[in-house]
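In what follows, a structure is listed as structure tokens, so that the remarks can point back to it.
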Amino acid sequence: MMAYIIRRVLYAIPILVGVNVLTFVLFFVVNPPDDMARMNLGIKRVTPEAIQTWKAERGYDLPLLYNGQAQGLEQLTGTIFFQKSVKLFSFDFGRSDSGRDIGYDISQRMWPSLAIAGPVFLIGLLTTIGIALAVVLFRATPIDLTVVVAAVAMMSISGLFYIIGGQWLVGKLLRLIPISGYDTGWEAAKFLVLPVIIGVVGGLGSGIRVYRTLFLEEIHKDYVRTARAKGLSENAVLFRHVLRNAMIPILTMVVAAIPLLFMGALVTESFFGIPGLGSYTIDAISRQDFAIVRSMVFLGSVLYILGLLLTDISYTLVDPRVRLS
Amino acid sequence: MMPELVILWTDALIFLLVAGILLFAGYARRREPLCAPWRKVVRSRVGVASLIVLFAYVAVGLLDSVHFRAQDAKGVETGEVLSLFDRIASPLRTRQEKTYSAPLALHLYAKENIETPDGNTVRDYPRLEHAGSHLATGSAAILDQARLLLVGAFEGLLLWAGVVALLAGLLAWREGSGFLQQMEVLFTGDEEDIPWTTVLVMLGMILVLGAASWQLAQHYHLLGTDKVGEDVFYQALKSIRTGLVIGTLTTLVMLPAALLLGMMAGYFGGWIDDLIQYLYTTLNSIPGVLLIAAAVLMLNLHMDNHAEQFGSVQERADMRLLFLCLILGVTSWTGLCRLLRGEALKLRELDYVQAALSMGVGHFTILARHILPNVGYIVLITLVLDFSGLVLAEAVLSYVNIGVDPTTYSWGNMINSARLEMAREPVVWWSLLASMMFMFILVLAANLFADAVRDAFDPRLRNER
């Protein structure tokens with residue numbers, strides 16, 4: 001078991017290296033730092049000196065890959081590639097283009113993100129699985145058809161509509177909860193209700209469809225027939241046998257998503273003014289702060305790979321048939 | 001003088017795609033195994049109904065893809081690049097108002113100081129310049145609108161009757177039977193065949209609705225006007241092309257790479273497989289939105305610094321649209337690649353591939369002749385399944401300003417500009433609702449069509465996605 005996990009961890013390293021090289025190429029080779037400086041300072045009438053100062057302040061004045069002027073090891077470490085890209089491996093994100101410490105910002109902002117994404121994830125999962133099970137219980141009846149039609153219609157509606165329409169309906173028309181904003185501690189709860197509801201409702205359509213097909217597939221298997229032949233009630237078959245066996249595919253889908261919850265929801269957060277990582281990213285994109293976007297790309301990949309790793313591990317825990325060879 | 005045609009990059013790719021589909025249809029017509037699944041699609045009610053809705057969208061999109069340099073009345077070029085659709089919809093395009101106005105309204109949405117003929121100024125809602133301008137002062141707009149609605153609906157019905165007659169004539173010619181006999185088939189339906197009654201109902205609905213809204217849109221602002229007074233109905237219609245381009249070209253531009261790499265990984269195995277798997281795992285591990293954001297930011301930077309390489313504003317916007325397709329393609333080709341790899345892995349072991357190998361057929365000949373035709377259905381299903389997701393993704397990306405060019409008409413841009421309108425008092429809802437409705441109908445049709453296609457081609461794959 002340990003050997004397996006270690007091998008999986010080792011396998012993740014070349015992927016992270018790949019991501020790192022890719023972001024380096026994207027951010028520094030496609031457009032040299034000079035262009036970046038010119039853009040941030042405004043295209044017109046930029047003196048070469050201003051560009052040099054801008055670059056020097058942010059550490060972009062080093063050579064890309066090889067520093068010929070330095071001595072010894074400095075030749076490799078005194079480069080943009082080492083300073084900006086390799087250092088990401090130690091989660092040293094450096095400073096944003098506007099001078100803030102990215103690592104500190106991330107550590108502050110990931111909790112509000114989690115406060116939304118976590119409940120959305122949990123409530124959403126329980127609701128969709130519950131509805132899907134109910135639908136499977138009433139399969140091939142008008143109830144089944146109605147829910148399936150509703151699910152297709154719901155997943156055809158843009159997520160933006162849920163956000164904008166939901167805020168308008170609940171916040172402005174009914175005046176139940178504040179429209180946007182955030183607070184510290186438990187006070188934050190009232191700001192979280194609306195985004196969480198919207199998040200859950202928005203994911204309902206596709207979720208119900210996925211879990212319904214999953215359960216339907218399971219229900220045609222031999223063990224279900226055996227259980228029925230033993231004389232078990234339909235409820236017992238569904239909840240005791242089908243649900244348990246369906247846990248395996250559910251787990252593979254679910255576990256991979258957990259680490260990414262920290263990344264937050266891009267549009268929801270910025271729309272409701274919640275200071276999470278999602279709105280952080282959006283702000284960085286609109287301010288064209290490349291340092292933050294670069295850090296978020298790396299962080300996202302790390303969390304994704306962590307999700308894959310957790311999936312592998314949870315798989316071995318739940319399903320004894322999986323051989324760890 | 002004939003106006004000079006302008007072929008934008010996306011135009012060229014769209015027509016390439018259309019030509020490809022037509023060529024395939026011609027090729028498949030005489031080959032039963034290729035036809036059979038499609039016959040199954042059009043024999044399902046849902047399949048054929050959604051197909052007709054999609055056709056309606058595609059028709060608008062294609063009309064909007066033939067561009068030419070605009071000329072004024074004297075034949076002098078104005079410097080604008082217009083499409084055939086712009087020409088048809090010029091009453092909608094040219095009738096600018098000052099600012100917001102509600103759907104079918106006669107007055108602006110904001111009060112202004114108006115000078116009355118006797119020299120006083122009153123504060124009131126000013127009359128719109130181009131809405132119901134043919135009305136006598138004081139007469140009710142609602143009666144005129146009802147009249148236009150009826151006229152339009154009647155025109156739609158006439159058009160529908162014409163189409164039905166044409167359809168019956170075509171069927172009679174093909175089957176070699178009588179015209180009236182075919183009419184009967186069309187109206188009563190046949191259990192075994194295409195559900196003609198569904199076709200007729202859908203066609204009737206689209207034609208009547210289209211003609212009625214066309215009549216109204218010529219004299220009023222059917223869906224109101226936006227902040228700068230542009231007709232919202234026109235914007236929503238123009239956005240169709242953008243949605244279709246993103247939905248189809250994204251899959252198309254990534255197709256060659258995904259096909260080649262996926263098949264090679266599955267077929268050759270060994271280090272080639274490892275390398276390709278590494279490649280797509282790496283790409284896949286970057287969250288899609290962030291990769292798109294990074295790439296779009298870099299593209300903007302590049303375009304700003306090399307503005308001279310892109311001619312007109314329109315060409316620039318078109319380039320951005322194409323690049324967005326490319327970038328979206330890069331983030332979404334991995335799923336297809338993985339499916340293709342799995343299928344090629346299975347196909348490699350089949351007897352006829354082994355036989356071909358033992359006879360000394362080259363690897364790439366085998367890939368092209370034996371593997372490629374057998375993975376075609378996966379490509380098709382992916383193309384259809386991804387479509388609706390991509391249309392929705394465009395809206396979100398444009399909303400966070402990393403989507404299409406701000407000057408391009410798109411539902412995402414419409415929603416983006418509408419986000420502040422919802423906070424206004426009184427609320428301006430029509431822009432948001434119009435874009436949402438147009439997008440909803442397209443995505444719903446695409447989703448239903450995708451289900452029908454998947455069921456027809458491979459019901460088994462349903463569980464794997």
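Chains: A, B, ... in order of the structure tokens. Residues: from 1 per chain. Ligands: from 1, in order shown.
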Determine, using only C-alpha atoms, which residues of chain B have any atom at most 9 Å from an atom of chain A, and tabulate each with its shortest atom pair and distance in Å to one decimal place, rows ordered by chain and then rising number, as JSON lines.
```
{"residue": "B:Tyr278", "atom": "CA", "partner": "A:Ile15", "partner_atom": "CA", "distance": 7.0}
{"residue": "B:Leu279", "atom": "CA", "partner": "A:Gly18", "partner_atom": "CA", "distance": 8.2}
{"residue": "B:Thr281", "atom": "CA", "partner": "A:Ile15", "partner_atom": "CA", "distance": 7.2}
{"residue": "B:Thr282", "atom": "CA", "partner": "A:Ile15", "partner_atom": "CA", "distance": 5.2}
{"residue": "B:Leu283", "atom": "CA", "partner": "A:Val19", "partner_atom": "CA", "distance": 7.3}
{"residue": "B:Asn284", "atom": "CA", "partner": "A:Ser301", "partner_atom": "CA", "distance": 8.6}
{"residue": "B:Ser285", "atom": "CA", "partner": "A:Ser301", "partner_atom": "CA", "distance": 5.0}
{"residue": "B:Ile286", "atom": "CA", "partner": "A:Ser301", "partner_atom": "CA", "distance": 4.7}
{"residue": "B:Pro287", "atom": "CA", "partner": "A:Gly300", "partner_atom": "CA", "distance": 5.9}
{"residue": "B:Val289", "atom": "CA", "partner": "A:Leu266", "partner_atom": "CA", "distance": 8.9}
{"residue": "B:Leu290", "atom": "CA", "partner": "A:Val297", "partner_atom": "CA", "distance": 5.9}
{"residue": "B:Leu291", "atom": "CA", "partner": "A:Val297", "partner_atom": "CA", "distance": 6.9}
{"residue": "B:Ala293", "atom": "CA", "partner": "A:Ile285", "partner_atom": "CA", "distance": 7.0}
{"residue": "B:Ala294", "atom": "CA", "partner": "A:Val293", "partner_atom": "CA", "distance": 6.7}
{"residue": "B:Ala295", "atom": "CA", "partner": "A:Leu26", "partner_atom": "CA", "distance": 7.1}
{"residue": "B:Leu297", "atom": "CA", "partner": "A:Gln288", "partner_atom": "CA", "distance": 7.1}
{"residue": "B:Met298", "atom": "CA", "partner": "A:Asn31", "partner_atom": "CA", "distance": 6.9}
{"residue": "B:Leu299", "atom": "CA", "partner": "A:Asn31", "partner_atom": "CA", "distance": 8.9}
{"residue": "B:Leu301", "atom": "CA", "partner": "A:Met39", "partner_atom": "CA", "distance": 7.0}
{"residue": "B:His302", "atom": "CA", "partner": "A:Asn31", "partner_atom": "CA", "distance": 6.7}
{"residue": "B:Asp304", "atom": "CA", "partner": "A:Met39", "partner_atom": "CA", "distance": 8.3}
{"residue": "B:Asn305", "atom": "CA", "partner": "A:Asp35", "partner_atom": "CA", "distance": 7.1}
{"residue": "B:Ser388", "atom": "CA", "partner": "A:Ser156", "partner_atom": "CA", "distance": 7.8}
{"residue": "B:Gly389", "atom": "CA", "partner": "A:Ser156", "partner_atom": "CA", "distance": 8.8}
{"residue": "B:Leu392", "atom": "CA", "partner": "A:Ser158", "partner_atom": "CA", "distance": 5.9}
{"residue": "B:Ala393", "atom": "CA", "partner": "A:Ser158", "partner_atom": "CA", "distance": 8.6}
{"residue": "B:Ala395", "atom": "CA", "partner": "A:Ser158", "partner_atom": "CA", "distance": 7.8}
{"residue": "B:Val396", "atom": "CA", "partner": "A:Leu160", "partner_atom": "CA", "distance": 6.9}
{"residue": "B:Tyr399", "atom": "CA", "partner": "A:Val267", "partner_atom": "CA", "distance": 8.4}
{"residue": "B:Val400", "atom": "CA", "partner": "A:Ile282", "partner_atom": "CA", "distance": 7.0}
{"residue": "B:Asn401", "atom": "CA", "partner": "A:Ser286", "partner_atom": "CA", "distance": 7.3}
{"residue": "B:Ile402", "atom": "CA", "partner": "A:Ile285", "partner_atom": "CA", "distance": 8.1}
{"residue": "B:Ile415", "atom": "CA", "partner": "A:Leu160", "partner_atom": "CA", "distance": 8.1}
{"residue": "B:Arg419", "atom": "CA", "partner": "A:Ile164", "partner_atom": "CA", "distance": 7.2}
{"residue": "B:Met422", "atom": "CA", "partner": "A:Trp168", "partner_atom": "CA", "distance": 7.2}
{"residue": "B:Ala423", "atom": "CA", "partner": "A:Trp168", "partner_atom": "CA", "distance": 8.1}
{"residue": "B:Leu432", "atom": "CA", "partner": "A:Phe161", "partner_atom": "CA", "distance": 8.3}
{"residue": "B:Leu433", "atom": "CA", "partner": "A:Phe161", "partner_atom": "CA", "distance": 8.8}
{"residue": "B:Met436", "atom": "CA", "partner": "A:Phe161", "partner_atom": "CA", "distance": 7.1}
{"residue": "B:Met437", "atom": "CA", "partner": "A:Ile157", "partner_atom": "CA", "distance": 8.7}
{"residue": "B:Met439", "atom": "CA", "partner": "A:Ile157", "partner_atom": "CA", "distance": 7.8}
{"residue": "B:Phe440", "atom": "CA", "partner": "A:Ile157", "partner_atom": "CA", "distance": 5.5}
{"residue": "B:Ile441", "atom": "CA", "partner": "A:Ser156", "partner_atom": "CA", "distance": 8.0}
{"residue": "B:Leu442", "atom": "CA", "partner": "A:Ser156", "partner_atom": "CA", "distance": 8.5}
{"residue": "B:Val443", "atom": "CA", "partner": "A:Ser156", "partner_atom": "CA", "distance": 5.4}
{"residue": "B:Leu444", "atom": "CA", "partner": "A:Ser156", "partner_atom": "CA", "distance": 5.1}
{"residue": "B:Ala445", "atom": "CA", "partner": "A:Ser156", "partner_atom": "CA", "distance": 8.8}
{"residue": "B:Ala446", "atom": "CA", "partner": "A:Ser156", "partner_atom": "CA", "distance": 8.9}
{"residue": "B:Asn447", "atom": "CA", "partner": "A:Val152", "partner_atom": "CA", "distance": 7.4}
{"residue": "B:Leu448", "atom": "CA", "partner": "A:Val152", "partner_atom": "CA", "distance": 7.9}
{"residue": "B:Arg462", "atom": "CA", "partner": "A:Thr213", "partner_atom": "CA", "distance": 8.2}
{"residue": "B:Asn463", "atom": "CA", "partner": "A:Thr213", "partner_atom": "CA", "distance": 6.6}
{"residue": "B:Arg465", "atom": "CA", "partner": "A:Val210", "partner_atom": "CA", "distance": 8.6}
```
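Residues with any atom within 12 Å of Phe85 (chain B), counting only C-alpha atoms and excluding same-chain neighbours fewer than 3 positions away, are Ala59, Val60, Gly61, Leu62, Leu63, Asp64, Ser65, Val66, His67, Phe68, Val81, Leu82, Ile88, Ala89, Ser90, Pro91, Leu92, Arg93, Tyr234, Gln235, Leu237, Lys238, Ser239, Ile240 and Arg241 of chain B.
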Please produce an output containing N, CA, C and O atoms for each residue in the selection, written as a compact mmCIF listing (two decimals), in the first residue's frame.
```txt
# COMPACT_ATOMS: atom_id res chain seq x y z
N ALA B 59 -29.20 28.21 -40.10
CA ALA B 59 -29.54 29.04 -41.25
C ALA B 59 -29.15 30.49 -40.98
O ALA B 59 -28.51 31.14 -41.82
N VAL B 60 -29.51 30.99 -39.81
CA VAL B 60 -29.15 32.37 -39.46
C VAL B 60 -27.62 32.50 -39.40
O VAL B 60 -27.04 33.46 -39.92
N GLY B 61 -26.98 31.51 -38.77
CA GLY B 61 -25.52 31.55 -38.63
C GLY B 61 -24.82 31.57 -39.98
O GLY B 61 -23.85 32.32 -40.18
N LEU B 62 -25.31 30.78 -40.93
CA LEU B 62 -24.67 30.73 -42.25
C LEU B 62 -24.87 32.04 -43.00
O LEU B 62 -23.94 32.54 -43.64
N LEU B 63 -26.09 32.58 -42.92
CA LEU B 63 -26.34 33.87 -43.57
C LEU B 63 -25.42 34.93 -43.00
O LEU B 63 -24.96 35.84 -43.71
N ASP B 64 -25.10 34.79 -41.74
CA ASP B 64 -24.27 35.78 -41.06
C ASP B 64 -22.80 35.52 -41.31
O ASP B 64 -21.94 36.22 -40.79
N SER B 65 -22.49 34.48 -42.08
CA SER B 65 -21.08 34.15 -42.32
C SER B 65 -20.62 34.52 -43.72
O SER B 65 -19.49 34.25 -44.08
N VAL B 66 -21.52 35.09 -44.53
CA VAL B 66 -21.12 35.56 -45.85
C VAL B 66 -20.88 37.06 -45.72
O VAL B 66 -21.82 37.83 -45.59
N HIS B 67 -19.62 37.44 -45.72
CA HIS B 67 -19.30 38.86 -45.49
C HIS B 67 -18.90 39.54 -46.79
O HIS B 67 -18.33 38.92 -47.68
N PHE B 68 -19.20 40.82 -46.88
CA PHE B 68 -18.75 41.61 -48.03
C PHE B 68 -18.53 43.04 -47.56
O PHE B 68 -19.00 43.43 -46.49
N VAL B 81 -17.57 46.13 -42.95
CA VAL B 81 -17.74 44.77 -43.45
C VAL B 81 -19.07 44.25 -42.91
O VAL B 81 -19.29 44.20 -41.71
N LEU B 82 -19.97 43.94 -43.83
CA LEU B 82 -21.30 43.48 -43.43
C LEU B 82 -21.50 42.05 -43.88
O LEU B 82 -20.78 41.54 -44.73
N ILE B 88 -30.09 41.66 -44.87
CA ILE B 88 -31.50 41.30 -44.72
C ILE B 88 -32.10 42.04 -43.53
O ILE B 88 -33.23 42.53 -43.60
N ALA B 89 -31.34 42.13 -42.45
CA ALA B 89 -31.88 42.70 -41.22
C ALA B 89 -31.54 44.18 -41.10
O ALA B 89 -31.51 44.71 -39.99
N SER B 90 -31.28 44.86 -42.23
CA SER B 90 -30.84 46.25 -42.10
C SER B 90 -31.86 47.15 -41.42
O SER B 90 -31.46 48.12 -40.77
N PRO B 91 -33.19 46.88 -41.55
CA PRO B 91 -34.09 47.74 -40.75
C PRO B 91 -33.81 47.62 -39.25
O PRO B 91 -33.95 48.60 -38.52
N LEU B 92 -33.40 46.44 -38.79
CA LEU B 92 -33.11 46.30 -37.36
C LEU B 92 -31.79 46.94 -36.99
O LEU B 92 -31.61 47.49 -35.92
N ARG B 93 -30.84 46.83 -37.94
CA ARG B 93 -29.48 47.26 -37.65
C ARG B 93 -29.37 48.78 -37.60
O ARG B 93 -28.65 49.33 -36.77
N TYR B 234 -31.86 42.26 -32.68
CA TYR B 234 -30.78 42.16 -33.66
C TYR B 234 -29.51 41.60 -33.01
O TYR B 234 -28.85 40.71 -33.55
N GLN B 235 -29.19 42.10 -31.83
CA GLN B 235 -28.00 41.60 -31.12
C GLN B 235 -28.10 40.11 -30.85
O GLN B 235 -27.15 39.36 -31.06
N LEU B 237 -29.84 37.90 -32.40
CA LEU B 237 -29.73 37.12 -33.64
C LEU B 237 -28.29 37.06 -34.13
O LEU B 237 -27.81 36.02 -34.58
N LYS B 238 -27.58 38.20 -34.01
CA LYS B 238 -26.18 38.23 -34.44
C LYS B 238 -25.32 37.30 -33.58
O LYS B 238 -24.31 36.78 -34.04
N SER B 239 -25.74 37.12 -32.33
CA SER B 239 -24.93 36.28 -31.43
C SER B 239 -24.99 34.81 -31.82
O SER B 239 -24.14 34.04 -31.39
N ILE B 240 -25.99 34.44 -32.61
CA ILE B 240 -26.13 33.03 -32.99
C ILE B 240 -24.85 32.54 -33.65
O ILE B 240 -24.33 31.47 -33.33
N ARG B 241 -24.32 33.36 -34.57
CA ARG B 241 -23.14 32.92 -35.29
C ARG B 241 -21.98 32.65 -34.33
O ARG B 241 -21.30 31.63 -34.44
```
#### Entry: Residues flagged alpha helix (DSSP H) by DSSP in region 71-308 of chain A, as a PyMOL selection string
chain A and resi 74-77+80+102-137+142-155+159-166+189-219+222-229+234-236+243-255+266-272+277-287+290-308
### Message
So, with only C-alpha atoms as the atoms that count, which of A:Ser98, A:Thr128, A:Thr316, A:Thr268 lies closest to Ile208 (chain A)?
### Response
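Between A:Ser98, A:Thr128, A:Thr316, A:Thr268, the residue approaching Ile208 (chain A) most closely is A:Thr128.
Close contacts of Pro195 (chain A), defined as residues with an atom at most 9 Å away when counting only C-alpha atoms, with chain neighbours fewer than 4 positions off set aside, comprise Ile116, Val120, Ile163, Gly166, Gln167, Phe191, Gly199, Val200, Thr268, Glu269 and Phe272 of chain A.
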Put those residues in a file: N, CA and C atoms, as a short mmCIF file (atom, residue, chain, number, x, y, z; two decimals), in the first residue's frame.
```cif
data_model
loop_
_atom_site.label_atom_id
_atom_site.label_comp_id
_atom_site.auth_asym_id
_atom_site.auth_seq_id
_atom_site.Cartn_x
_atom_site.Cartn_y
_atom_site.Cartn_z
N ILE A 116 -17.99 28.63 0.79
CA ILE A 116 -19.06 28.50 -0.21
C ILE A 116 -18.99 27.15 -0.90
N VAL A 120 -21.81 23.94 -0.87
CA VAL A 120 -22.40 23.66 -2.19
C VAL A 120 -22.13 22.21 -2.57
N ILE A 163 -27.23 32.78 -11.30
CA ILE A 163 -26.60 33.75 -10.41
C ILE A 163 -27.32 35.10 -10.47
N GLY A 166 -31.11 34.66 -9.63
CA GLY A 166 -31.29 34.30 -8.22
C GLY A 166 -31.06 35.48 -7.32
N GLN A 167 -30.02 36.24 -7.61
CA GLN A 167 -29.76 37.42 -6.78
C GLN A 167 -30.92 38.41 -6.88
N PHE A 191 -24.44 36.02 4.38
CA PHE A 191 -23.99 36.34 3.03
C PHE A 191 -23.80 35.08 2.19
N GLY A 199 -25.58 27.85 -6.08
CA GLY A 199 -24.63 26.83 -6.49
C GLY A 199 -25.26 25.45 -6.55
N VAL A 200 -26.07 25.14 -5.53
CA VAL A 200 -26.71 23.82 -5.48
C VAL A 200 -27.71 23.68 -6.63
N THR A 268 -19.39 33.16 -9.24
CA THR A 268 -20.22 33.38 -8.06
C THR A 268 -19.54 34.32 -7.08
N GLU A 269 -18.27 34.05 -6.80
CA GLU A 269 -17.59 34.87 -5.80
C GLU A 269 -17.47 36.32 -6.22
N PHE A 272 -20.95 38.04 -6.03
CA PHE A 272 -21.49 38.33 -4.71
C PHE A 272 -20.50 39.05 -3.81
#
```
### Query
Which residue out of A:Trp111, A:Tyr223, A:Phe239, A:Tyr162 has the minimum interatomic distance to Pro275 (chain A) when only C-alpha atoms are used?
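Result for the nearest residue to Pro275 (chain A): A:Trp111.
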### Message
So the first atom is CA of Leu166 (chain B) and the second is CA of Val208 (chain B); what is the distance between them in Å, to one decimal place?
### Response
17.3 Å
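Residue-level DSSP output for region 113-259 of chain B, from the backbone, shows strand (DSSP E or B) at Asn113, Ile114, Glu115, Thr121, Val122, Arg123, Asp124, Arg127, Thr225 and Asp231 of chain B.
Across the model, the gap from CA of Pro126 (chain B) to CA of Glu112 (chain B) is 6.5 Å.
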